[in-house]
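Reading through the structure tokens given below for one structure.
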Amino acid sequence: MDFIQMIHGFVTPLTRDFTNVSVKEIESAEEGTLTFEVLVSPEDLGRVIGREGRVANALRTIAYAAAIKEGFRVKLTFGSNGEGEATTE
């Protein structure tokens with residue numbers, strides 16, 4: 001399964017500046033775990049994270065369910081790829 005494409009497909013409709021969405025796999029310190037970094041414009045970061053992190057948690061749940069079927073774990077981190085860097089895990 002192509003997790004980058006799947007995550008990108010879920011995140012892009014949540015943003016206004018969908019040309020500024022990137023998902024990349026970053027090296028994970030934990031064995032059997034894939035970590036993905038989702039970067040959006042600073043204006044869209046709040047939309048992707050959602051109130052009290054509800055949207056971000058829903059995205060994590062979907063990715064987790066897909067990863068379990070493949071036999072590993074997945075982590076998502078969110079951040080902005082512009083001015084005012086902010087991230088959440």
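Here's how to read the names in the structure tokens: chain A, B, ... by the order shown, residue numbers from 1 in each chain, ligand numbers from 1 in the order shown.
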
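Residues in contact with Ser28 (chain A) at up to 12 Å, not including ones fewer than 4 positions away on its chain and judged by only C-alpha atoms, are Gly32, Thr33, Leu34, Thr35, Phe36, Glu37, Arg73, Val74, Lys75, Leu76 and Thr77 of chain A.
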
Export, as a PDB file, in the first residue's frame, the selected residues with C-alpha atoms.
```
ATOM      1  CA  GLY A  32       8.347  -1.850  12.720  1.00  0.00           C
ATOM      2  CA  THR A  33       7.045   1.720  12.645  1.00  0.00           C
ATOM      3  CA  LEU A  34       6.731   4.057   9.676  1.00  0.00           C
ATOM      4  CA  THR A  35       6.681   7.782  10.420  1.00  0.00           C
ATOM      5  CA  PHE A  36       5.202  10.275   7.978  1.00  0.00           C
ATOM      6  CA  GLU A  37       5.477  14.042   8.096  1.00  0.00           C
ATOM      7  CA  ARG A  73       2.600   0.612  12.888  1.00  0.00           C
ATOM      8  CA  VAL A  74       2.452   4.142  11.553  1.00  0.00           C
ATOM      9  CA  LYS A  75       2.910   7.587  13.101  1.00  0.00           C
ATOM     10  CA  LEU A  76       1.856  10.911  11.587  1.00  0.00           C
ATOM     11  CA  THR A  77       3.319  14.297  12.424  1.00  0.00           C
TER      12      THR A  77
END
```

Every residue of chain A that DSSP places in alpha helix (DSSP H), as a CSV table (one decimal) with N, CA and C atoms, in the first residue's frame:
```
chain,number,residue,atom,x,y,z
A,3,PHE,N,1.3,4.5,1.4
A,3,PHE,CA,0.8,5.3,2.4
A,3,PHE,C,0.9,6.8,2.1
A,4,ILE,N,2.0,7.2,1.4
A,4,ILE,CA,2.1,8.6,1.1
A,4,ILE,C,1.0,9.1,0.2
A,5,GLN,N,0.6,8.3,-0.8
A,5,GLN,CA,-0.5,8.7,-1.6
A,5,GLN,C,-1.8,8.7,-0.9
A,6,MET,N,-2.0,7.7,0.0
A,6,MET,CA,-3.3,7.6,0.8
A,6,MET,C,-3.4,8.8,1.7
A,7,ILE,N,-2.3,9.1,2.5
A,7,ILE,CA,-2.4,10.3,3.4
A,7,ILE,C,-2.6,11.6,2.6
A,8,HIS,N,-1.9,11.7,1.5
A,8,HIS,CA,-2.0,12.9,0.7
A,8,HIS,C,-3.4,13.1,0.2
A,9,GLY,N,-4.1,12.0,-0.2
A,9,GLY,CA,-5.4,12.0,-0.7
A,9,GLY,C,-6.4,12.4,0.4
A,10,PHE,N,-6.2,12.1,1.7
A,10,PHE,CA,-7.1,12.5,2.7
A,10,PHE,C,-6.8,13.9,3.2
A,11,VAL,N,-5.6,14.4,3.1
A,11,VAL,CA,-5.2,15.7,3.6
A,11,VAL,C,-5.6,16.8,2.6
A,42,PRO,N,1.0,27.3,6.4
A,42,PRO,CA,0.6,27.7,7.8
A,42,PRO,C,-0.9,28.1,8.0
A,43,GLU,N,-1.5,28.6,6.9
A,43,GLU,CA,-2.9,28.9,7.0
A,43,GLU,C,-3.8,27.7,7.1
A,44,ASP,N,-3.3,26.6,6.5
A,44,ASP,CA,-4.1,25.3,6.5
A,44,ASP,C,-3.8,24.4,7.7
A,45,LEU,N,-2.8,24.7,8.4
A,45,LEU,CA,-2.4,23.8,9.5
A,45,LEU,C,-3.6,23.6,10.5
A,46,GLY,N,-4.3,24.6,10.9
A,46,GLY,CA,-5.4,24.5,11.8
A,46,GLY,C,-6.5,23.6,11.2
A,47,ARG,N,-6.7,23.7,9.9
A,47,ARG,CA,-7.8,22.9,9.3
A,47,ARG,C,-7.4,21.4,9.4
A,48,VAL,N,-6.1,21.1,9.1
A,48,VAL,CA,-5.7,19.7,9.1
A,48,VAL,C,-5.6,19.1,10.5
A,49,ILE,N,-5.3,19.9,11.5
A,49,ILE,CA,-5.2,19.4,12.9
A,49,ILE,C,-6.6,19.4,13.5
A,54,ARG,N,-8.9,16.8,16.6
A,54,ARG,CA,-9.8,15.7,16.2
A,54,ARG,C,-9.6,15.3,14.8
A,55,VAL,N,-9.3,16.2,13.9
A,55,VAL,CA,-9.1,15.8,12.5
A,55,VAL,C,-7.7,15.0,12.4
A,56,ALA,N,-6.7,15.5,13.1
A,56,ALA,CA,-5.4,14.8,13.1
A,56,ALA,C,-5.6,13.4,13.7
A,57,ASN,N,-6.3,13.3,14.7
A,57,ASN,CA,-6.5,12.0,15.3
A,57,ASN,C,-7.3,11.0,14.4
A,58,ALA,N,-8.2,11.6,13.7
A,58,ALA,CA,-9.0,10.8,12.7
A,58,ALA,C,-8.1,10.3,11.6
A,59,LEU,N,-7.2,11.2,11.1
A,59,LEU,CA,-6.2,10.8,10.1
A,59,LEU,C,-5.3,9.7,10.6
A,60,ARG,N,-4.8,9.9,11.9
A,60,ARG,CA,-4.0,8.8,12.5
A,60,ARG,C,-4.7,7.5,12.6
A,61,THR,N,-5.9,7.5,13.0
A,61,THR,CA,-6.7,6.3,13.1
A,61,THR,C,-6.8,5.5,11.8
A,62,ILE,N,-7.1,6.3,10.7
A,62,ILE,CA,-7.2,5.7,9.4
A,62,ILE,C,-5.9,5.1,9.0
A,63,ALA,N,-4.8,5.8,9.2
A,63,ALA,CA,-3.5,5.3,8.8
A,63,ALA,C,-3.1,4.1,9.6
A,64,TYR,N,-3.4,4.2,10.9
A,64,TYR,CA,-3.1,3.0,11.8
A,64,TYR,C,-3.8,1.8,11.4
A,65,ALA,N,-5.1,1.9,11.0
A,65,ALA,CA,-5.9,0.7,10.6
A,65,ALA,C,-5.3,0.1,9.4
A,66,ALA,N,-4.9,1.0,8.4
A,66,ALA,CA,-4.3,0.5,7.2
A,66,ALA,C,-3.0,-0.2,7.5
A,67,ALA,N,-2.2,0.3,8.4
A,67,ALA,CA,-0.9,-0.2,8.7
A,67,ALA,C,-1.0,-1.5,9.4
A,68,ILE,N,-1.9,-1.7,10.3
A,68,ILE,CA,-2.1,-2.9,11.0
A,68,ILE,C,-2.4,-4.1,10.0
A,69,LYS,N,-3.2,-3.8,9.0
A,69,LYS,CA,-3.4,-4.8,8.0
A,69,LYS,C,-2.2,-5.3,7.3
A,70,GLU,N,-1.2,-4.4,7.2
A,70,GLU,CA,0.1,-4.6,6.5
A,70,GLU,C,1.1,-5.2,7.5
```

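Picture a line from CA of Gly53 (chain A) to CA of Ile26 (chain A); it runs 21.5 Å.
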
List every residue of chain A that DSSP, applied to the backbone, labels as strand (DSSP E or B), and write the result as a compact mmCIF listing (two decimals) with N, CA and C atoms, in the first residue's frame.
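Writing done, so here's selection23.txt:
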```
# COMPACT_ATOMS: atom_id res chain seq x y z
N SER A 22 2.50 18.44 1.27
CA SER A 22 3.51 17.41 1.02
C SER A 22 3.49 16.39 2.15
N VAL A 23 3.71 15.15 1.78
CA VAL A 23 3.79 14.05 2.73
C VAL A 23 5.08 13.32 2.43
N LYS A 24 5.90 13.14 3.46
CA LYS A 24 7.13 12.41 3.24
C LYS A 24 7.39 11.47 4.40
N GLU A 25 8.05 10.38 4.08
CA GLU A 25 8.41 9.40 5.10
C GLU A 25 9.72 9.85 5.73
N ILE A 26 9.74 9.86 7.05
CA ILE A 26 10.96 10.21 7.76
C ILE A 26 11.42 8.98 8.54
N THR A 33 7.89 0.53 12.68
CA THR A 33 7.04 1.72 12.64
C THR A 33 7.47 2.62 11.49
N LEU A 34 6.50 3.06 10.72
CA LEU A 34 6.73 4.06 9.68
C LEU A 34 6.26 5.40 10.20
N THR A 35 7.05 6.44 9.99
CA THR A 35 6.68 7.78 10.42
C THR A 35 6.57 8.67 9.19
N PHE A 36 5.45 9.38 9.10
CA PHE A 36 5.20 10.27 7.98
C PHE A 36 5.02 11.69 8.50
N GLU A 37 5.61 12.63 7.77
CA GLU A 37 5.48 14.04 8.10
C GLU A 37 4.56 14.68 7.06
N VAL A 38 3.49 15.29 7.55
CA VAL A 38 2.53 15.97 6.69
C VAL A 38 2.76 17.47 6.83
N LEU A 39 3.12 18.11 5.72
CA LEU A 39 3.38 19.55 5.74
C LEU A 39 2.37 20.27 4.87
N VAL A 40 1.78 21.32 5.43
CA VAL A 40 0.81 22.15 4.71
C VAL A 40 1.18 23.61 4.94
N ARG A 73 3.23 -0.56 12.29
CA ARG A 73 2.60 0.61 12.89
C ARG A 73 2.97 1.84 12.08
N VAL A 74 2.19 2.90 12.27
CA VAL A 74 2.45 4.14 11.55
C VAL A 74 2.22 5.32 12.50
N LYS A 75 3.05 6.34 12.34
CA LYS A 75 2.91 7.59 13.10
C LYS A 75 2.82 8.73 12.10
N LEU A 76 1.98 9.71 12.42
CA LEU A 76 1.86 10.91 11.59
C LEU A 76 2.25 12.12 12.41
N THR A 77 3.03 13.00 11.82
CA THR A 77 3.32 14.30 12.42
C THR A 77 2.85 15.37 11.45
N PHE A 78 2.44 16.49 11.98
CA PHE A 78 1.89 17.57 11.18
C PHE A 78 2.68 18.84 11.42
N GLY A 79 2.88 19.60 10.36
CA GLY A 79 3.61 20.86 10.48
C GLY A 79 3.33 21.75 9.29
N SER A 80 3.87 22.96 9.38
CA SER A 80 3.70 23.89 8.27
C SER A 80 5.01 23.98 7.50
N THR A 87 4.65 22.26 14.76
CA THR A 87 4.43 20.83 14.52
C THR A 87 3.66 20.24 15.68
N THR A 88 3.02 19.13 15.41
CA THR A 88 2.35 18.37 16.45
C THR A 88 2.47 16.89 16.12
```
